[in-house]
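S.K.: My structure is in entry_32.pdb, and what it holds is PDB, C-alpha atoms, pLDDT in the B column:
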ATOM      1  CA  MET B   1     104.231 170.295 -89.083  1.00 32.00           C
ATOM      2  CA  ARG B   2     105.284 170.879 -92.687  1.00 35.00           C
ATOM      3  CA  LEU B   3     102.658 171.470 -95.343  1.00 36.00           C
ATOM      4  CA  GLY B   4     103.368 170.838 -99.007  1.00 35.00           C
ATOM      5  CA  TYR B   5     102.121 169.590-102.335  1.00 34.00           C
ATOM      6  CA  SER B   6     103.470 167.633-105.286  1.00 33.00           C
ATOM      7  CA  SER B   7     105.648 169.459-107.780  1.00 34.00           C
ATOM      8  CA  SER B   8     103.963 167.589-110.637  1.00 38.00           C
ATOM      9  CA  ARG B   9     100.849 169.178-112.116  1.00 39.00           C
ATOM     10  CA  PRO B  10      97.737 167.654-110.523  1.00 40.00           C
ATOM     11  CA  THR B  11      94.373 167.561-112.244  1.00 42.00           C
ATOM     12  CA  THR B  12      91.659 170.017-111.197  1.00 41.00           C
ATOM     13  CA  SER B  13      89.544 167.207-109.776  1.00 39.00           C
ATOM     14  CA  HIS B  14      92.512 166.069-107.678  1.00 40.00           C
ATOM     15  CA  LEU B  15      93.091 169.607-106.410  1.00 39.00           C
ATOM     16  CA  ARG B  16      89.435 169.999-105.455  1.00 39.00           C
ATOM     17  CA  ALA B  17      89.447 166.675-103.652  1.00 36.00           C
ATOM     18  CA  THR B  18      92.706 167.305-101.807  1.00 37.00           C
ATOM     19  CA  VAL B  19      92.752 169.673 -98.841  1.00 38.00           C
ATOM     20  CA  ILE B  20      95.345 170.208 -96.150  1.00 35.00           C
ATOM     21  CA  ARG B  21      93.254 169.968 -93.019  1.00 37.00           C
ATOM     22  CA  SER B  22      95.524 171.390 -90.300  1.00 40.00           C
ATOM     23  CA  LEU B  23      97.787 174.400 -90.099  1.00 44.00           C
ATOM     24  CA  VAL B  24      99.158 175.832 -86.835  1.00 46.00           C
ATOM     25  CA  VAL B  25      99.982 179.524 -86.829  1.00 43.00           C
ATOM     26  CA  GLU B  26     101.959 181.024 -83.973  1.00 45.00           C
ATOM     27  CA  ASP B  27     101.582 184.556 -82.736  1.00 41.00           C
ATOM     28  CA  HIS B  28     102.957 187.352 -84.174  1.00 41.00           C
ATOM     29  CA  THR B  29      78.916 193.886 -89.106  1.00 43.00           C
ATOM     30  CA  LYS B  30      78.151 193.815 -92.250  1.00 44.00           C
ATOM     31  CA  THR B  31      77.468 191.749 -95.376  1.00 42.00           C
ATOM     32  CA  LEU B  32      79.509 192.569 -98.460  1.00 45.00           C
ATOM     33  CA  PRO B  33      77.931 192.275-101.956  1.00 45.00           C
ATOM     34  CA  PHE B  34      79.069 189.975-104.737  1.00 43.00           C
ATOM     35  CA  SER B  35      78.178 189.272-108.339  1.00 42.00           C
ATOM     36  CA  GLY B  36      79.497 186.324-110.335  1.00 47.00           C
ATOM     37  CA  SER B  37      81.342 183.082-109.599  1.00 52.00           C
ATOM     38  CA  LEU B  38      84.869 181.702-109.753  1.00 53.00           C
ATOM     39  CA  PRO B  39      86.024 179.734-112.799  1.00 51.00           C
ATOM     40  CA  SER B  40      85.660 176.040-111.939  1.00 51.00           C
ATOM     41  CA  ASP B  41      89.049 175.066-113.377  1.00 54.00           C
ATOM     42  CA  MET B  42      91.111 177.454-111.222  1.00 65.00           C
ATOM     43  CA  PRO B  43      91.578 176.215-107.628  1.00 80.00           C
ATOM     44  CA  VAL B  44      92.179 178.707-104.841  1.00 86.00           C
ATOM     45  CA  CYS B  45      94.033 178.694-101.524  1.00 87.00           C
ATOM     46  CA  ILE B  46      94.575 180.640 -98.324  1.00 89.00           C
ATOM     47  CA  ARG B  47      97.964 182.287 -97.812  1.00 86.00           C
ATOM     48  CA  ILE B  48      99.386 183.853 -94.654  1.00 83.00           C
ATOM     49  CA  ILE B  49     100.597 187.349 -95.533  1.00 82.00           C
ATOM     50  CA  GLU B  50     101.167 189.119 -92.202  1.00 83.00           C
ATOM     51  CA  GLY B  51     101.825 188.316 -88.558  1.00 70.00           C
ATOM     52  CA  ILE B  52     104.195 185.382 -89.088  1.00 64.00           C
ATOM     53  CA  ALA B  53     106.747 184.181 -91.619  1.00 59.00           C
ATOM     54  CA  GLU B  54     105.310 183.106 -94.958  1.00 63.00           C
ATOM     55  CA  ARG B  55     104.262 179.450 -95.098  1.00 63.00           C
ATOM     56  CA  GLU B  56     102.949 177.070 -97.737  1.00 76.00           C
ATOM     57  CA  PRO B  57      99.419 177.869 -98.965  1.00 82.00           C
ATOM     58  CA  LEU B  58      96.374 175.974 -97.699  1.00 86.00           C
ATOM     59  CA  LEU B  59      94.431 174.590-100.650  1.00 87.00           C
ATOM     60  CA  LEU B  60      90.657 174.970-100.409  1.00 89.00           C
ATOM     61  CA  ASP B  61      88.119 172.444-101.628  1.00 86.00           C
ATOM     62  CA  GLU B  62      84.335 172.212-101.352  1.00 87.00           C
ATOM     63  CA  GLN B  63      84.388 171.213 -97.665  1.00 90.00           C
ATOM     64  CA  PRO B  64      83.796 173.899 -94.991  1.00 93.00           C
ATOM     65  CA  LEU B  65      86.984 175.256 -93.421  1.00 94.00           C
ATOM     66  CA  VAL B  66      86.701 176.375 -89.786  1.00 95.00           C
ATOM     67  CA  ILE B  67      89.338 178.805 -88.506  1.00 94.00           C
ATOM     68  CA  GLY B  68      90.220 179.437 -84.859  1.00 93.00           C
ATOM     69  CA  ARG B  69      92.369 178.517 -81.827  1.00 90.00           C
ATOM     70  CA  GLU B  70      90.725 175.159 -81.119  1.00 92.00           C
ATOM     71  CA  ARG B  71      92.695 171.988 -81.795  1.00 89.00           C
ATOM     72  CA  GLY B  72      91.584 169.914 -84.752  1.00 90.00           C
ATOM     73  CA  LEU B  73      90.269 172.783 -86.862  1.00 90.00           C
ATOM     74  CA  GLY B  74      91.085 172.998 -90.554  1.00 90.00           C
ATOM     75  CA  LEU B  75      93.056 176.201 -89.987  1.00 90.00           C
ATOM     76  CA  ARG B  76      94.286 176.602 -86.418  1.00 87.00           C
ATOM     77  CA  LEU B  77      95.513 180.087 -85.522  1.00 88.00           C
ATOM     78  CA  GLU B  78      97.240 180.257 -82.147  1.00 84.00           C
ATOM     79  CA  ALA B  79      97.424 184.037 -82.036  1.00 87.00           C
ATOM     80  CA  GLU B  80      96.188 186.888 -79.899  1.00 89.00           C
ATOM     81  CA  GLY B  81      92.674 188.031 -80.724  1.00 92.00           C
ATOM     82  CA  VAL B  82      91.579 184.724 -82.283  1.00 92.00           C
ATOM     83  CA  SER B  83      88.522 182.970 -80.811  1.00 95.00           C
ATOM     84  CA  ARG B  84      88.338 179.195 -80.309  1.00 95.00           C
ATOM     85  CA  ARG B  85      86.026 178.926 -83.345  1.00 96.00           C
ATOM     86  CA  HIS B  86      86.436 182.264 -85.073  1.00 96.00           C
ATOM     87  CA  ALA B  87      85.268 182.012 -88.679  1.00 97.00           C
ATOM     88  CA  LYS B  88      84.196 179.521 -91.351  1.00 97.00           C
ATOM     89  CA  ILE B  89      84.733 179.452 -95.122  1.00 96.00           C
ATOM     90  CA  THR B  90      82.238 177.529 -97.248  1.00 95.00           C
ATOM     91  CA  TYR B  91      81.889 176.808-100.968  1.00 92.00           C
ATOM     92  CA  GLY B  92      78.732 176.675-103.053  1.00 90.00           C
ATOM     93  CA  ASN B  93      77.472 177.678-106.501  1.00 86.00           C
ATOM     94  CA  GLY B  94      80.967 178.557-107.649  1.00 83.00           C
ATOM     95  CA  GLN B  95      81.570 180.918-104.728  1.00 88.00           C
ATOM     96  CA  TYR B  96      83.573 180.887-101.484  1.00 92.00           C
ATOM     97  CA  THR B  97      81.910 182.678 -98.556  1.00 95.00           C
ATOM     98  CA  ILE B  98      83.285 183.514 -95.102  1.00 96.00           C
ATOM     99  CA  PHE B  99      81.128 183.648 -91.960  1.00 97.00           C
ATOM    100  CA  ASP B 100      82.087 185.142 -88.613  1.00 97.00           C
ATOM    101  CA  LEU B 101      81.227 182.658 -85.864  1.00 96.00           C
ATOM    102  CA  GLU B 102      80.289 185.313 -83.292  1.00 95.00           C
ATOM    103  CA  SER B 103      83.957 185.872 -82.519  1.00 96.00           C
ATOM    104  CA  LYS B 104      84.940 188.324 -79.783  1.00 94.00           C
ATOM    105  CA  ASN B 105      87.159 190.529 -81.940  1.00 95.00           C
ATOM    106  CA  GLY B 106      85.454 190.117 -85.287  1.00 96.00           C
ATOM    107  CA  THR B 107      86.392 188.975 -88.779  1.00 96.00           C
ATOM    108  CA  PHE B 108      87.519 191.537 -91.351  1.00 96.00           C
ATOM    109  CA  VAL B 109      87.530 191.314 -95.148  1.00 93.00           C
ATOM    110  CA  ASN B 110      89.472 194.086 -96.883  1.00 88.00           C
ATOM    111  CA  TRP B 111      89.492 196.002 -93.581  1.00 87.00           C
ATOM    112  CA  SER B 112      85.678 195.908 -93.197  1.00 91.00           C
ATOM    113  CA  ARG B 113      84.181 193.987 -90.276  1.00 94.00           C
ATOM    114  CA  ILE B 114      81.702 191.420 -91.572  1.00 95.00           C
ATOM    115  CA  ASP B 115      79.154 188.882 -90.427  1.00 95.00           C
ATOM    116  CA  VAL B 116      79.166 187.125 -93.788  1.00 96.00           C
ATOM    117  CA  ALA B 117      80.959 188.062 -97.002  1.00 94.00           C
ATOM    118  CA  PRO B 118      81.762 186.531-100.406  1.00 92.00           C
ATOM    119  CA  LEU B 119      85.440 185.987-101.122  1.00 92.00           C
ATOM    120  CA  ARG B 120      87.346 186.691-104.318  1.00 86.00           C
ATOM    121  CA  PRO B 121      91.008 185.974-105.078  1.00 85.00           C
ATOM    122  CA  GLY B 122      92.996 188.913-103.747  1.00 84.00           C
ATOM    123  CA  ASP B 123      90.728 189.490-100.736  1.00 88.00           C
ATOM    124  CA  ARG B 124      92.474 190.110 -97.417  1.00 90.00           C
ATOM    125  CA  ILE B 125      91.099 188.409 -94.286  1.00 94.00           C
ATOM    126  CA  ASP B 126      92.116 189.667 -90.834  1.00 94.00           C
ATOM    127  CA  ILE B 127      91.585 187.336 -87.873  1.00 94.00           C
ATOM    128  CA  GLY B 128      93.246 188.502 -84.684  1.00 93.00           C
ATOM    129  CA  LYS B 129      96.859 189.419 -85.428  1.00 90.00           C
ATOM    130  CA  VAL B 130      97.053 187.185 -88.489  1.00 90.00           C
ATOM    131  CA  ALA B 131      96.319 188.453 -92.003  1.00 90.00           C
ATOM    132  CA  LEU B 132      95.346 185.935 -94.678  1.00 92.00           C
ATOM    133  CA  ARG B 133      94.654 186.272 -98.388  1.00 88.00           C
ATOM    134  CA  LEU B 134      92.508 184.219-100.736  1.00 90.00           C
ATOM    135  CA  ASP B 135      94.657 183.509-103.767  1.00 85.00           C
ATOM    136  CA  TRP B 136      94.826 181.457-106.949  1.00 80.00           C
ATOM    137  CA  PHE B 137      96.590 178.151-106.289  1.00 74.00           C
ATOM    138  CA  ARG B 138      99.540 177.389-108.533  1.00 64.00           C
ATOM    139  CA  PRO B 139     101.538 174.269-107.573  1.00 57.00           C
ATOM    140  CA  ALA B 140     105.323 174.345-107.640  1.00 54.00           C
ATOM    141  CA  GLY B 141     106.613 173.250-111.045  1.00 52.00           C
ATOM    142  CA  ASP B 142     103.320 174.225-112.700  1.00 51.00           C
ATOM    143  CA  GLN B 143     105.137 176.593-115.054  1.00 46.00           C
ATOM    144  CA  ARG B 144     107.915 175.766-117.459  1.00 45.00           C
ATOM    145  CA  LYS B 145     111.280 177.303-116.599  1.00 45.00           C
ATOM    146  CA  GLY B 146     111.476 180.927-117.675  1.00 44.00           C
ATOM    147  CA  SER B 147     107.766 181.218-118.461  1.00 46.00           C
ATOM    148  CA  LYS B 148     105.449 183.685-116.751  1.00 47.00           C
ATOM    149  CA  PRO B 149     102.217 182.549-115.086  1.00 48.00           C
ATOM    150  CA  GLU B 150      99.099 183.364-117.085  1.00 53.00           C
ATOM    151  CA  ALA B 151      97.107 185.989-115.208  1.00 55.00           C
ATOM    152  CA  PRO B 152      93.420 185.221-114.573  1.00 61.00           C
ATOM    153  CA  ALA B 153      90.984 187.351-116.595  1.00 67.00           C
ATOM    154  CA  VAL B 154      89.997 190.650-115.002  1.00 70.00           C
ATOM    155  CA  ARG B 155      86.323 189.615-115.037  1.00 68.00           C
ATOM    156  CA  HIS B 156      87.179 186.719-112.706  1.00 68.00           C
ATOM    157  CA  LEU B 157      88.908 188.975-110.182  1.00 73.00           C
ATOM    158  CA  LEU B 158      86.600 191.994-109.880  1.00 77.00           C
ATOM    159  CA  SER B 159      83.063 192.472-108.659  1.00 77.00           C
ATOM    160  CA  ALA B 160      80.463 193.592-111.199  1.00 79.00           C
ATOM    161  CA  ARG B 161      80.698 197.245-110.090  1.00 86.00           C
ATOM    162  CA  GLU B 162      84.505 197.223-109.969  1.00 86.00           C
ATOM    163  CA  LEU B 163      84.509 195.842-113.507  1.00 85.00           C
ATOM    164  CA  GLU B 164      82.140 198.586-114.678  1.00 89.00           C
ATOM    165  CA  VAL B 165      84.418 201.236-113.194  1.00 92.00           C
ATOM    166  CA  ALA B 166      87.518 199.602-114.693  1.00 89.00           C
ATOM    167  CA  GLU B 167      85.982 199.455-118.161  1.00 89.00           C
ATOM    168  CA  LEU B 168      85.047 203.141-117.997  1.00 92.00           C
ATOM    169  CA  VAL B 169      88.619 203.947-116.961  1.00 91.00           C
ATOM    170  CA  GLY B 170      89.645 202.031-120.071  1.00 88.00           C
ATOM    171  CA  ARG B 171      87.516 204.424-122.120  1.00 88.00           C
ATOM    172  CA  GLY B 172      89.478 207.353-120.735  1.00 90.00           C
ATOM    173  CA  MET B 173      86.844 208.697-118.328  1.00 92.00           C
ATOM    174  CA  THR B 174      87.755 210.649-115.203  1.00 93.00           C
ATOM    175  CA  ASN B 175      86.413 209.685-111.785  1.00 93.00           C
ATOM    176  CA  ALA B 176      83.851 212.490-112.014  1.00 94.00           C
ATOM    177  CA  GLU B 177      82.645 211.274-115.411  1.00 93.00           C
ATOM    178  CA  ILE B 178      82.453 207.678-114.175  1.00 93.00           C
ATOM    179  CA  GLY B 179      80.458 208.817-111.147  1.00 92.00           C
ATOM    180  CA  ARG B 180      77.927 210.649-113.321  1.00 93.00           C
ATOM    181  CA  THR B 181      77.632 207.689-115.684  1.00 92.00           C
ATOM    182  CA  LEU B 182      77.027 205.148-112.897  1.00 92.00           C
ATOM    183  CA  GLY B 183      75.142 207.456-110.534  1.00 93.00           C
ATOM    184  CA  ILE B 184      77.683 207.168-107.721  1.00 93.00           C
ATOM    185  CA  SER B 185      79.992 209.637-105.967  1.00 93.00           C
ATOM    186  CA  ARG B 186      83.589 210.297-106.967  1.00 93.00           C
ATOM    187  CA  ARG B 187      84.647 208.939-103.581  1.00 92.00           C
ATOM    188  CA  THR B 188      82.824 205.672-104.297  1.00 92.00           C
ATOM    189  CA  VAL B 189      84.493 205.504-107.701  1.00 93.00           C
ATOM    190  CA  ALA B 190      87.878 205.977-106.039  1.00 91.00           C
ATOM    191  CA  THR B 191      87.098 203.194-103.541  1.00 90.00           C
ATOM    192  CA  HIS B 192      86.157 200.786-106.339  1.00 89.00           C
ATOM    193  CA  LEU B 193      89.381 201.664-108.152  1.00 90.00           C
ATOM    194  CA  GLU B 194      91.490 201.074-105.042  1.00 88.00           C
ATOM    195  CA  ASN B 195      89.825 197.674-104.575  1.00 84.00           C
ATOM    196  CA  ALA B 196      90.441 196.823-108.243  1.00 85.00           C
ATOM    197  CA  TYR B 197      94.111 197.818-107.960  1.00 86.00           C
ATOM    198  CA  GLN B 198      94.510 195.588-104.896  1.00 81.00           C
ATOM    199  CA  ARG B 199      92.836 192.580-106.517  1.00 77.00           C
ATOM    200  CA  LEU B 200      94.854 192.943-109.723  1.00 79.00           C
ATOM    201  CA  GLY B 201      98.165 193.735-108.016  1.00 78.00           C
ATOM    202  CA  ILE B 202      98.594 197.072-109.812  1.00 83.00           C
ATOM    203  CA  HIS B 203      98.960 200.670-108.683  1.00 85.00           C
ATOM    204  CA  SER B 204      97.816 203.040-111.429  1.00 88.00           C
ATOM    205  CA  ARG B 205      95.167 203.801-114.053  1.00 88.00           C
ATOM    206  CA  ALA B 206      97.742 203.217-116.774  1.00 88.00           C
ATOM    207  CA  ALA B 207      98.437 199.714-115.449  1.00 86.00           C
ATOM    208  CA  LEU B 208      94.686 199.040-115.308  1.00 86.00           C
ATOM    209  CA  VAL B 209      94.219 200.113-118.930  1.00 86.00           C
ATOM    210  CA  LYS B 210      97.132 197.889-119.966  1.00 84.00           C
ATOM    211  CA  ARG B 211      95.661 194.913-118.088  1.00 82.00           C
ATOM    212  CA  LEU B 212      92.269 195.417-119.733  1.00 82.00           C
ATOM    213  CA  ALA B 213      93.928 195.593-123.142  1.00 81.00           C
ATOM    214  CA  THR B 214      95.780 192.333-122.425  1.00 74.00           C
ATOM    215  CA  ASP B 215      92.469 190.594-121.639  1.00 68.00           C
ATOM    216  CA  ASP B 216      90.981 191.784-124.930  1.00 58.00           C
ATOM    217  CA  ARG B 217      93.692 190.134-127.051  1.00 54.00           C
TER     218      ARG B 217
END
Let me see the structure of the file written as structure tokens.
M.R.:
Amino acid sequence: MRLGYSSSRPTTSHLRATVIRSLVVEDHTKTLPFSGSLPSDMPVCIRIIEGIAEREPLLLDEQPLVIGRERGLGLRLEAEGVSRRHAKITYGNGQYTIFDLESKNGTFVNWSRIDVAPLRPGDRIDIGKVALRLDWFRPAGDQRKGSKPEAPAVRHLLSARELEVAELVGRGMTNAEIGRTLGISRRTVATHLENAYQRLGIHSRAALVKRLATDDR
């Protein structure tokens, strides 16, 4: 079954109301914190990033999305390690949240096993042998030829603590100085930085400082 969307630019209300309800994927316990909500005018989607060849993204709306092996689910994953009804993604108060449905092998967000966790664009979701990612949805043809997509603001991509750490990096502080300022360990600072790099698609402090400077323009 082929999944797709119009190349013309749809309205936000149309994107929120339109959801692709079935995707078949062939084989290849804790609660995470969150602060803030997603911008209402920027729709998001689920992308397959590992385990099979890349396919078209699955646009999310405000309806619950159940993931598993069972026929008729919104996202059907026919892969090893996936339960019949494995996990569910819901939307409310500007926030997507994923719940593990007592699956045998667990649901993982950013490599941490969870029972329930908030989702942000850039988050990795592992279900069986398939890796998914929550991502901003940008329809084909949404950008004029030769133009670069506008990157979402850093504050929309990072948790409150990750943003605090990033801003202190922007002030030129070392990990040790950031740890003393926030009352956390250097290891925790490093973890927040690694998460921020992953969410922003960057790999260094210099790139983080540059991204922060771009947001301030």
S.K.: Give the answer as one residue: which of B:Thr97, B:Asn195, B:Asn105, B:Asn110 has the shortest atom-to-atom distance to Ile127 (chain B), using only C-alpha atoms?
M.R.: B:Asn105
S.K.: CA of Ile89 (chain B) and CA of Leu134 (chain B) are how many Å apart?
M.R.: 10.7 Å
S.K.: Which of these residues is nearest to Arg84 (chain B), using all atoms listed in the file: B:Ala213, B:Ile98, B:Ile114, B:Val66?
M.R.: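 Once distances to Arg84 (chain B) are computed over all atoms listed in the file, the minimum belongs to B:Val66.
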S.K.: Which residue out of B:Asp135, B:Asp100, B:Asp126, B:Glu56 has the minimum interatomic distance to Gly81 (chain B) when all atoms listed in the file are used?
M.R.: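 Nearest candidate to Gly81 (chain B) out of B:Asp135, B:Asp100, B:Asp126, B:Glu56: B:Asp126.
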S.K.: Could you tell me, as a tab-separated table (two decimals) with C-alpha atoms, in the frame of the given file, exactly which residues end up selected when the PyMOL selection byres ((chain B and resi 209) around 9) is applied to this structure?
M.R.:
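Saved as expr.tsv:
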chain	number	residue	atom	x	y	z
B	166	ALA	CA	87.52	199.60	-114.69
B	167	GLU	CA	85.98	199.46	-118.16
B	169	VAL	CA	88.62	203.95	-116.96
B	170	GLY	CA	89.64	202.03	-120.07
B	171	ARG	CA	87.52	204.42	-122.12
B	172	GLY	CA	89.48	207.35	-120.74
B	204	SER	CA	97.82	203.04	-111.43
B	205	ARG	CA	95.17	203.80	-114.05
B	206	ALA	CA	97.74	203.22	-116.77
B	207	ALA	CA	98.44	199.71	-115.45
B	208	LEU	CA	94.69	199.04	-115.31
B	210	LYS	CA	97.13	197.89	-119.97
B	211	ARG	CA	95.66	194.91	-118.09
B	212	LEU	CA	92.27	195.42	-119.73
B	213	ALA	CA	93.93	195.59	-123.14
B	214	THR	CA	95.78	192.33	-122.42
